Every structure is written in structure tokens, then in C-alpha cells.
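Shown here: input-v7.csv, CSV, C-alpha atoms.
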chain,number,residue,atom,x,y,z
A,1,MET,CA,21.2,10.4,17.9
A,2,LEU,CA,21.5,8.4,14.7
A,3,ILE,CA,21.5,5.0,16.4
A,4,GLU,CA,18.8,6.2,18.8
A,5,ASN,CA,16.5,7.5,16.0
A,6,LEU,CA,17.1,4.3,14.0
A,7,LEU,CA,16.2,2.0,16.9
A,8,LEU,CA,13.1,4.1,17.8
A,9,SER,CA,12.0,4.1,14.2
A,10,ILE,CA,12.3,0.3,14.0
A,11,GLY,CA,10.5,-0.1,17.3
A,12,ALA,CA,7.6,2.2,16.2
A,13,CYS,CA,7.5,0.2,12.9
A,14,ILE,CA,7.2,-3.1,14.8
A,15,VAL,CA,4.4,-1.8,16.9
A,16,LEU,CA,2.7,-0.5,13.7
A,17,ILE,CA,3.0,-4.0,12.1
A,18,ILE,CA,1.7,-5.9,15.2
A,19,SER,CA,-1.2,-3.5,15.5
A,20,ALA,CA,-2.0,-3.8,11.7
A,21,GLU,CA,-1.9,-7.6,11.9
A,22,LEU,CA,-4.3,-7.5,14.9
A,23,LEU,CA,-6.6,-5.2,13.0
A,24,VAL,CA,-6.6,-7.4,9.9
A,25,LYS,CA,-7.5,-10.5,11.9
A,26,SER,CA,-10.3,-8.8,13.9
A,27,LEU,CA,-11.7,-6.7,11.0
A,28,THR,CA,-11.8,-9.8,8.7
A,29,LYS,CA,-13.8,-11.7,11.3
A,30,VAL,CA,-16.2,-8.7,11.6
A,31,ALA,CA,-16.6,-8.9,7.8
A,32,PHE,CA,-17.3,-12.6,8.0
A,33,TYR,CA,-20.3,-11.8,10.2
A,34,PHE,CA,-22.0,-10.2,7.2
A,35,GLY,CA,-21.2,-13.1,4.8
A,36,LEU,CA,-19.7,-11.0,2.0
A,37,SER,CA,-17.9,-12.4,-1.0
A,38,GLU,CA,-14.2,-13.2,-0.9
A,39,PHE,CA,-13.1,-10.4,-3.3
A,40,VAL,CA,-15.2,-7.8,-1.6
A,41,VAL,CA,-13.9,-8.8,1.8
A,42,GLY,CA,-10.4,-8.7,0.4
A,43,PHE,CA,-10.9,-5.2,-1.0
A,44,MET,CA,-13.5,-3.4,1.1
A,45,ILE,CA,-12.4,-4.8,4.4
A,46,VAL,CA,-8.9,-6.2,4.5
A,47,ALA,CA,-7.4,-3.9,1.9
A,48,LEU,CA,-8.6,-0.9,3.8
A,49,ALA,CA,-7.3,-2.4,7.0
A,50,THR,CA,-3.9,-3.3,5.7
A,51,SER,CA,-3.6,0.3,4.2
A,52,ILE,CA,-4.3,1.9,7.6
A,53,PRO,CA,-0.6,2.1,8.4
A,54,GLU,CA,0.0,4.1,5.2
A,55,PHE,CA,-3.1,6.1,6.1
A,56,PHE,CA,-2.0,7.0,9.6
A,57,VAL,CA,1.6,7.7,8.5
A,58,GLY,CA,0.1,10.0,5.7
A,59,ILE,CA,-2.1,12.0,8.0
A,60,THR,CA,0.6,12.4,10.7
A,61,SER,CA,3.3,13.4,8.2
A,62,ALA,CA,0.9,15.9,6.5
A,63,LEU,CA,-0.1,17.5,9.8
A,64,GLU,CA,3.6,17.8,10.7
A,65,GLY,CA,4.3,19.6,7.4
A,66,ASN,CA,6.2,16.7,5.9
A,67,PRO,CA,3.9,15.1,3.2
A,68,LYS,CA,6.8,14.0,1.1
A,69,LEU,CA,7.4,11.2,3.7
A,70,SER,CA,3.9,9.9,2.9
A,71,VAL,CA,4.3,10.3,-0.9
A,72,GLY,CA,7.4,8.2,-0.7
A,73,ASN,CA,5.7,5.7,1.6
A,74,VAL,CA,2.7,5.3,-0.8
A,75,ILE,CA,4.8,4.9,-3.9
A,76,GLY,CA,7.2,2.5,-2.2
A,77,ALA,CA,4.4,0.5,-0.6
A,78,ASN,CA,2.7,0.1,-4.0
A,79,ILE,CA,5.9,-1.1,-5.6
A,80,ILE,CA,6.5,-3.6,-2.8
A,81,ASP,CA,2.9,-4.9,-3.1
A,82,LEU,CA,3.3,-5.4,-6.8
A,83,THR,CA,6.7,-7.0,-6.7
A,84,LEU,CA,7.8,-8.5,-3.4
A,85,VAL,CA,4.4,-9.3,-1.9
A,86,ILE,CA,2.7,-10.8,-5.0
A,87,GLY,CA,6.0,-12.4,-6.0
A,88,ILE,CA,6.4,-14.2,-2.6
A,89,VAL,CA,2.7,-15.2,-2.6
A,90,THR,CA,2.9,-16.6,-6.2
A,91,ILE,CA,5.9,-18.7,-5.3
A,92,LEU,CA,4.2,-20.0,-2.2
A,93,ARG,CA,1.2,-21.2,-4.3
A,94,ARG,CA,3.4,-22.2,-7.3
A,95,GLY,CA,1.4,-19.9,-9.5
A,96,ILE,CA,-2.0,-18.2,-9.3
A,97,LYS,CA,-4.8,-18.7,-11.8
A,98,VAL,CA,-7.2,-15.7,-12.4
A,99,GLU,CA,-10.4,-17.1,-13.9
A,100,THR,CA,-12.9,-14.5,-12.8
A,101,LYS,CA,-13.2,-11.7,-15.4
A,102,ALA,CA,-14.2,-9.1,-12.8
A,103,VAL,CA,-10.8,-9.5,-11.0
A,104,ARG,CA,-9.0,-9.1,-14.3
A,105,THR,CA,-11.0,-5.9,-15.1
A,106,ASP,CA,-10.2,-4.6,-11.6
A,107,ALA,CA,-6.5,-5.0,-12.3
A,108,LEU,CA,-6.9,-2.9,-15.4
A,109,TYR,CA,-8.7,-0.2,-13.4
A,110,MET,CA,-5.9,-0.4,-10.8
A,111,PHE,CA,-3.3,0.3,-13.5
A,112,ILE,CA,-5.2,3.5,-14.7
A,113,ILE,CA,-5.5,4.7,-11.1
A,114,VAL,CA,-1.8,4.2,-10.4
A,115,ALA,CA,-0.9,6.5,-13.3
A,116,LEU,CA,-3.2,9.3,-12.0
A,117,PRO,CA,-1.0,10.8,-9.2
A,118,LEU,CA,2.0,11.0,-11.7
A,119,ILE,CA,-0.2,13.0,-14.1
A,120,LEU,CA,-1.6,15.3,-11.3
A,121,MET,CA,1.9,16.0,-9.8
A,122,MET,CA,3.8,16.8,-13.0
A,123,ASP,CA,3.7,20.4,-11.8
A,124,GLN,CA,6.0,19.2,-9.0
A,125,ARG,CA,3.4,20.0,-6.3
A,126,ILE,CA,0.9,18.0,-4.3
A,127,CYS,CA,-2.1,20.3,-3.9
A,128,ARG,CA,-5.7,20.2,-2.6
A,129,PHE,CA,-7.2,20.0,-6.1
A,130,ASP,CA,-5.1,16.8,-6.7
A,131,GLY,CA,-6.4,15.4,-3.4
A,132,PHE,CA,-10.0,16.1,-4.4
A,133,ILE,CA,-9.5,14.3,-7.8
A,134,LEU,CA,-7.9,11.3,-6.1
A,135,LEU,CA,-10.7,11.0,-3.5
A,136,ILE,CA,-13.3,11.1,-6.3
A,137,ALA,CA,-11.5,8.3,-8.1
A,138,PHE,CA,-11.5,6.2,-4.8
A,139,PHE,CA,-15.2,6.6,-4.2
A,140,LEU,CA,-16.1,5.9,-7.9
A,141,TYR,CA,-14.0,2.7,-7.6
A,142,VAL,CA,-15.7,1.6,-4.4
A,143,LEU,CA,-19.2,2.4,-5.9
A,144,ARG,CA,-18.3,0.2,-8.9
A,145,LEU,CA,-17.1,-2.6,-6.6
A,146,PHE,CA,-20.4,-2.6,-4.7
A,147,LYS,CA,-22.3,-2.9,-8.0
A,148,GLN,CA,-20.3,-6.0,-9.0
A,149,GLU,CA,-20.4,-7.7,-5.6
A,150,LYS,CA,-22.9,-10.3,-6.8
A,151,ARG,CA,-20.6,-11.5,-9.5
A,152,PHE,CA,-18.4,-13.2,-7.0
A,153,ARG,CA,-19.8,-16.6,-5.9
A,154,GLU,CA,-17.2,-17.5,-3.3
A,155,THR,CA,-18.3,-16.2,0.1
A,156,VAL,CA,-16.8,-16.4,3.5
A,157,ASP,CA,-18.2,-18.2,6.5
A,158,HIS,CA,-20.4,-16.5,9.1
A,159,ILE,CA,-19.2,-16.1,12.7
A,160,SER,CA,-21.2,-15.9,16.0
A,161,ARG,CA,-22.5,-12.6,17.4
A,162,ARG,CA,-20.2,-13.0,20.4
A,163,GLU,CA,-17.2,-13.3,18.1
A,164,PHE,CA,-18.4,-10.3,16.2
A,165,VAL,CA,-18.6,-8.1,19.4
A,166,LYS,CA,-15.1,-9.4,20.6
A,167,ASN,CA,-13.4,-8.6,17.3
A,168,THR,CA,-15.1,-5.2,17.1
A,169,ILE,CA,-13.4,-4.3,20.4
A,170,PHE,CA,-10.1,-5.6,19.1
A,171,THR,CA,-10.6,-3.5,16.0
A,172,CYS,CA,-11.0,-0.3,18.1
A,173,VAL,CA,-7.9,-1.1,20.2
A,174,SER,CA,-5.7,-1.9,17.3
A,175,ILE,CA,-6.7,1.4,15.5
A,176,ILE,CA,-5.7,3.4,18.6
A,177,SER,CA,-2.4,1.5,18.7
A,178,LEU,CA,-1.8,2.2,15.0
A,179,LEU,CA,-2.5,5.9,15.4
A,180,LEU,CA,0.1,6.2,18.3
A,181,SER,CA,2.8,4.1,16.6
A,182,ALA,CA,2.3,6.0,13.3
A,183,ASP,CA,2.9,9.3,15.1
A,184,PHE,CA,6.1,8.0,16.7
A,185,LEU,CA,7.3,6.5,13.4
A,186,VAL,CA,6.9,9.7,11.4
A,187,LYS,CA,8.6,11.7,14.2
A,188,TYR,CA,11.7,9.4,14.4
A,189,ALA,CA,11.8,8.7,10.7
A,190,SER,CA,12.0,12.5,10.0
A,191,SER,CA,14.8,12.8,12.6
A,192,LEU,CA,16.6,9.9,10.9
A,193,ALA,CA,16.3,11.5,7.5
A,194,ILE,CA,18.1,14.6,9.0
A,195,ASP,CA,20.7,12.5,10.7
A,196,LEU,CA,21.5,10.6,7.5
A,197,SER,CA,21.2,13.8,5.3
A,198,VAL,CA,18.7,12.1,3.0
A,199,PRO,CA,15.4,13.4,1.8
A,200,PRO,CA,12.2,12.3,3.6
A,201,ILE,CA,10.8,10.9,0.4
A,202,LEU,CA,13.7,8.4,0.2
A,203,ILE,CA,13.1,7.3,3.8
A,204,GLY,CA,9.4,6.7,2.9
A,205,LEU,CA,10.3,4.8,-0.3
A,206,LEU,CA,12.7,2.3,1.2
A,207,LEU,CA,12.4,2.2,5.0
A,208,ILE,CA,8.8,3.0,6.1
A,209,SER,CA,7.2,1.3,3.1
A,210,LEU,CA,8.8,-2.1,4.0
A,211,GLY,CA,7.2,-1.9,7.4
A,212,THR,CA,3.8,-0.7,6.3
A,213,THR,CA,3.4,-3.5,3.6
A,214,LEU,CA,4.1,-6.4,6.0
A,215,PRO,CA,0.4,-6.6,6.9
A,216,GLU,CA,-0.4,-7.2,3.2
A,217,LEU,CA,2.3,-9.8,3.0
A,218,THR,CA,1.1,-11.6,6.1
A,219,PHE,CA,-2.6,-11.6,5.2
A,220,GLU,CA,-2.1,-12.6,1.5
A,221,ALA,CA,0.4,-15.4,2.3
A,222,LYS,CA,-2.1,-16.9,4.8
A,223,ALA,CA,-5.0,-16.4,2.3
A,224,ILE,CA,-3.3,-18.0,-0.6
A,225,LEU,CA,-2.1,-21.0,1.4
A,226,MET,CA,-5.7,-21.5,2.5
A,227,ARG,CA,-6.7,-21.4,-1.2
A,228,HIS,CA,-8.5,-18.0,-0.9
A,229,ARG,CA,-6.9,-16.6,-4.0
A,230,TYR,CA,-9.5,-14.0,-4.8
A,231,MET,CA,-9.3,-12.6,-1.2
A,232,ALA,CA,-5.5,-12.3,-1.6
A,233,LEU,CA,-5.9,-10.6,-5.0
A,234,GLY,CA,-8.6,-8.4,-3.7
A,235,ASP,CA,-6.4,-7.3,-0.9
A,236,LEU,CA,-3.5,-6.6,-3.3
A,237,ILE,CA,-5.5,-4.6,-5.8
A,238,GLY,CA,-7.5,-2.9,-3.1
A,239,SER,CA,-4.3,-1.9,-1.2
A,240,VAL,CA,-2.7,-0.3,-4.2
A,241,VAL,CA,-6.0,1.6,-5.1
A,242,THR,CA,-6.5,2.7,-1.5
A,243,ASN,CA,-2.9,3.9,-1.1
A,244,THR,CA,-2.9,5.8,-4.4
A,245,THR,CA,-6.3,7.5,-4.0
A,246,LEU,CA,-7.6,7.6,-0.4
A,247,VAL,CA,-4.2,8.0,1.4
A,248,LEU,CA,-2.6,10.4,-1.1
A,249,GLY,CA,-5.9,12.3,-1.5
A,250,VAL,CA,-6.3,12.9,2.3
A,251,VAL,CA,-2.6,13.9,2.5
A,252,ALA,CA,-3.0,16.4,-0.3
A,253,LEU,CA,-6.2,17.9,1.3
A,254,ILE,CA,-4.4,18.4,4.6
A,255,SER,CA,-1.1,19.8,3.3
A,256,GLU,CA,-0.1,21.4,0.0
A,257,HIS,CA,3.6,21.0,-0.6
A,258,PRO,CA,6.2,21.1,-3.4
A,259,ILE,CA,7.8,17.9,-4.4
A,260,GLU,CA,11.0,19.5,-5.6
A,261,PRO,CA,14.0,19.5,-5.0
A,262,ASN,CA,13.6,15.6,-5.0
A,263,PHE,CA,11.4,15.5,-8.1
A,264,LEU,CA,13.9,13.2,-9.8
A,265,LEU,CA,13.4,10.6,-7.0
A,266,PHE,CA,9.6,11.0,-7.3
A,267,LEU,CA,9.7,10.7,-11.1
A,268,THR,CA,12.0,7.6,-11.0
A,269,SER,CA,9.9,5.8,-8.4
A,270,SER,CA,6.6,6.7,-10.1
A,271,PHE,CA,7.9,5.3,-13.3
A,272,PHE,CA,8.8,2.0,-11.6
A,273,MET,CA,5.4,2.0,-10.0
A,274,ILE,CA,3.7,2.3,-13.4
A,275,VAL,CA,5.9,-0.4,-14.9
A,276,VAL,CA,5.2,-3.0,-12.2
A,277,ALA,CA,1.5,-2.1,-12.3
A,278,PHE,CA,1.6,-2.7,-16.1
A,279,LEU,CA,3.3,-6.0,-15.7
A,280,PHE,CA,0.9,-7.2,-13.0
A,281,THR,CA,-2.1,-6.2,-15.2
A,282,THR,CA,-0.6,-7.9,-18.2
A,283,PHE,CA,-0.1,-11.2,-16.2
A,284,VAL,CA,-3.7,-11.0,-14.8
A,285,GLU,CA,-5.6,-9.6,-17.8
A,286,CYS,CA,-3.9,-11.1,-20.8
A,287,GLU,CA,-2.3,-14.4,-19.5
A,288,LYS,CA,-5.1,-15.0,-16.9
A,289,HIS,CA,-2.5,-16.3,-14.4
A,290,ILE,CA,0.8,-15.4,-12.6
A,291,LEU,CA,3.4,-18.1,-12.9
A,292,TRP,CA,5.9,-18.7,-10.1
A,293,GLN,CA,8.7,-17.8,-12.6
A,294,GLU,CA,7.0,-14.4,-13.1
A,295,GLY,CA,6.9,-14.1,-9.3
A,296,ILE,CA,10.7,-14.4,-9.1
A,297,ALA,CA,11.0,-11.9,-11.9
A,298,LEU,CA,8.9,-9.4,-9.9
A,299,ILE,CA,11.1,-9.9,-6.8
A,300,LEU,CA,14.2,-9.2,-8.9
A,301,LEU,CA,12.5,-6.1,-10.3
A,302,TYR,CA,12.3,-4.7,-6.8
A,303,VAL,CA,16.0,-5.3,-6.3
A,304,LEU,CA,16.6,-3.4,-9.5
A,305,PHE,CA,14.4,-0.6,-8.2
A,306,VAL,CA,16.5,-0.2,-5.0
A,307,ILE,CA,19.7,-0.2,-7.0
A,308,VAL,CA,18.4,2.5,-9.4
A,309,LEU,CA,17.1,4.6,-6.4
A,310,PHE,CA,20.6,4.6,-4.8
A,311,ASN,CA,22.1,5.6,-8.2
A,312,VAL,CA,19.6,8.5,-8.6
A,313,ARG,CA,20.4,9.7,-5.1
A,314,MET,CA,24.2,9.6,-5.9
A,315,MET,CA,23.4,11.8,-8.9
A,316,GLU,CA,21.5,14.3,-6.7
A,317,ILE,CA,24.4,14.5,-4.3
A,318,GLN,CA,26.8,15.0,-7.2
A,319,TYR,CA,24.8,17.9,-8.6
A,320,GLY,CA,24.1,19.4,-5.1
A,321,ILE,CA,20.4,18.4,-4.8
A,322,HIS,CA,19.4,17.8,-1.2

Could you write out this structure as C-alpha cells?
Amino acid sequence: MLIENLLLSIGACIVLIISAELLVKSLTKVAFYFGLSEFVVGFMIVALATSIPEFFVGITSALEGNPKLSVGNVIGANIIDLTLVIGIVTILRRGIKVETKAVRTDALYMFIIVALPLILMMDQRICRFDGFILLIAFFLYVLRLFKQEKRFRETVDHISRREFVKNTIFTCVSIISLLLSADFLVKYASSLAIDLSVPPILIGLLLISLGTTLPELTFEAKAILMRHRYMALGDLIGSVVTNTTLVLGVVALISEHPIEPNFLLFLTSSFFMIVVAFLFTTFVECEKHILWQEGIALILLYVLFVIVLFNVRMMEIQYGIH
């Protein structure tokens, strides 16, 4: 059963990734039809699209009474976005300059938002009140983004009406595929956690999060190589904000659940998430750029995160925490 659940989990993850990539491509072209600015397309359209895997995994896990899988997925995805993804993208471009003040300000808001779930869940529970607060934070951020849309001069090209209709259909098909693959992924990942005798939050932190962040990596790598740096940064910041507020907020509204007995894993991973968010914000806000050397440092920081997580898990086993 272990090998079977592992292979089925990987298979569901692959379908999830392919569906997400199709969704990103089609939804981006739908956004092009309206001629929005690069950063707003990056956040409002692409970031929401690339966060749909986390969203569907969150809803499915909450409905099945296993929200800790989603909590781990969201935290793990945010850490990967702010270390591996931005690190690889920065190395590909040999450094990223951030000249627009609005992007730097958004990075600061992102850091504040990232700290919000840790504050709300210090009672070792994820509850509906927490979800309500997180959703308010999401809608306030989106409202602010709409107000500053005119500050971004770089806009994307329009597409034809025929392309718009075709990509709208592709968008609907990929969303259905995402929903089905997310359902299978949660089912087999939960079984895998039982087979390996590890908590679901750890599966979410290390396994599922790697799969659900591949759409962000694919899109941002393509965007940065095509010199659309603000679209890439918009997707990165938007994905982290969406995961932290919208995804966790909906999960909390659907299913209240204690985080213990794996609160130490939650606390450790949340601490790393805040640290990497602080580093990213410092690079963008204070230095106004991310050097390729800093990108390498962020990738190494993720390696450290994985090592620390395994050590924390060993401690939990030693003291009989399951």
C-alpha cells in the first residue's frame, strides 16, 4: 500500500501541475484581452491561478476533516516561493532590479500578512474567526491593489476575441481537472501519511507543497526570461498573499481543527516562513534589487529548512509526539 499510495500521490500531483500550467496560460491570455498592467495581471490573474492548486487542496482537505494537510501545504508553498522559486528566477536573470516603489511597498504588506496566521493560531487552533480575519485581509489587499493599478505603466498586449473565447474554455476545463486531481491528491497523501506514520502537516510541508508551487516556478521563469519582471514579482507576492489569506481563510471557515500535537512543526515552519519573507522584503524594499548571490543564499536556506524539519520530527518521535 505504501508504494501504491506514493505512486498515486505523485500521479495526482503531476495532473495537478499540468492542469495548473494550462490554467495559467489560458487565464493569462484572458487577462491580456483587457489590457491590464503587468503587475496587476501578475497578482490579480496569474497569482490567483497559480494558487488554485493550494486552494483546491485546502478545500478538499478541510471537507475531509484534515485541514492540517492544507496548513502544511500553504506554509511549505510560501517558503518554497520565497526561497527556491525566487532564487532560481533570480539566478536565471542574473539579478532582479525593483525600481517601482509600489512593488516594494507591496512586499512590505506581504511580510505583515505572512505574520498574521502565526499570531491568530498561537492558541494552537485554526477556527472560523481566524478564517474571517484572513479573508478580510485578502479583500483589503485586493482593494488596495485596484486603487494603485494606474501606477504601473507597463501593460500587456491585447489578444483577439476568438483567442479570448478559446482560452476561456481552456480555463474552465483546467479548473475541473484541478478539482479532480486535488481530490485524489488529498486522498492518497493522507493515506501516505498513515503508511509512513508521519503527521499530515509534514506531508503538506514537504511533499504536496513542492508540487503545488511548480506552476509559480514555471510562470515566473518564463516571465523573467521574457523581461517581464514586474509580472513575475506580482505573481510571487500575490501567490504568498493569496495562500496566506484566501486559502487558509476558506479552510478555517470550512473546518475548525486543533493544530496540536504537531504544534512544534507548525511553529518551526511558521518561523522559517517569516524569516524568508523578511529577507525577501529587505532585498526588495531596502536594497531595491535581488542579486543572484542572494538567490543562491535563499535556495540554501530552503535546504536548511528541510534539515531542521527532519530534526524537529525526530524530536517529536523521541518524546512520543505523533

- Task: May I have the residues within 12 Å of Phe272 in chain A as a PyMOL selection string, using only C-alpha atoms and disregarding those fewer than 6 positions away in the same chain?
- Result: chain A and resi 75-80+82-83+114-115+118+205+265-266+278-279+298+301-306+308-309

Could you dump the residues just selected with C-alpha atoms as a compact mmCIF listing (two decimals), keeping the file's coordinate frame?
# COMPACT_ATOMS: atom_id res chain seq x y z
CA ILE A 75 4.80 4.90 -3.90
CA GLY A 76 7.20 2.50 -2.20
CA ALA A 77 4.40 0.50 -0.60
CA ASN A 78 2.70 0.10 -4.00
CA ILE A 79 5.90 -1.10 -5.60
CA ILE A 80 6.50 -3.60 -2.80
CA LEU A 82 3.30 -5.40 -6.80
CA THR A 83 6.70 -7.00 -6.70
CA VAL A 114 -1.80 4.20 -10.40
CA ALA A 115 -0.90 6.50 -13.30
CA LEU A 118 2.00 11.00 -11.70
CA LEU A 205 10.30 4.80 -0.30
CA LEU A 265 13.40 10.60 -7.00
CA PHE A 266 9.60 11.00 -7.30
CA PHE A 278 1.60 -2.70 -16.10
CA LEU A 279 3.30 -6.00 -15.70
CA LEU A 298 8.90 -9.40 -9.90
CA LEU A 301 12.50 -6.10 -10.30
CA TYR A 302 12.30 -4.70 -6.80
CA VAL A 303 16.00 -5.30 -6.30
CA LEU A 304 16.60 -3.40 -9.50
CA PHE A 305 14.40 -0.60 -8.20
CA VAL A 306 16.50 -0.20 -5.00
CA VAL A 308 18.40 2.50 -9.40
CA LEU A 309 17.10 4.60 -6.40

Of A:Leu300, A:Leu233, A:Val103, A:Ile126, the one nearest to Val71 in chain A when counting only C-alpha atoms is A:Ile126

If you count only C-alpha atoms, the residue of A:Ala297, A:Ala223, A:Ile113, A:Leu206 closest to Asp235 in chain A turns out to be A:Ala223

- prompt: Could you name the residues that touch Arg229 in chain A at 9 Å or less, counting all atoms listed in the file, but leaving out those on the same chain fewer than 4 positions away, as JSON, numbers by chain?
  reply: {"A": [38, 39, 96, 97, 98, 220, 223, 224, 225, 233, 234]}

May I have the selected residues written with C-alpha atoms, as a compact mmCIF listing (two decimals), in the coordinates of the input?
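The new file result08.txt reads:
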# COMPACT_ATOMS: atom_id res chain seq x y z
CA GLU A 38 -14.20 -13.20 -0.90
CA PHE A 39 -13.10 -10.40 -3.30
CA ILE A 96 -2.00 -18.20 -9.30
CA LYS A 97 -4.80 -18.70 -11.80
CA VAL A 98 -7.20 -15.70 -12.40
CA GLU A 220 -2.10 -12.60 1.50
CA ALA A 223 -5.00 -16.40 2.30
CA ILE A 224 -3.30 -18.00 -0.60
CA LEU A 225 -2.10 -21.00 1.40
CA LEU A 233 -5.90 -10.60 -5.00
CA GLY A 234 -8.60 -8.40 -3.70

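What separates CA of Leu134 in chain A from CA of Met110 in chain A is a distance of 12.8 Å.
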
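The space separating CA of Asn243 in chain A from CA of Val74 in chain A comes to 5.8 Å.
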
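Ranking A:Phe146, A:Tyr188, A:Phe219, A:Phe129 by their shortest atom-to-atom distance to Ile17 in chain A, with all atoms listed in the file included, puts A:Phe219 first.
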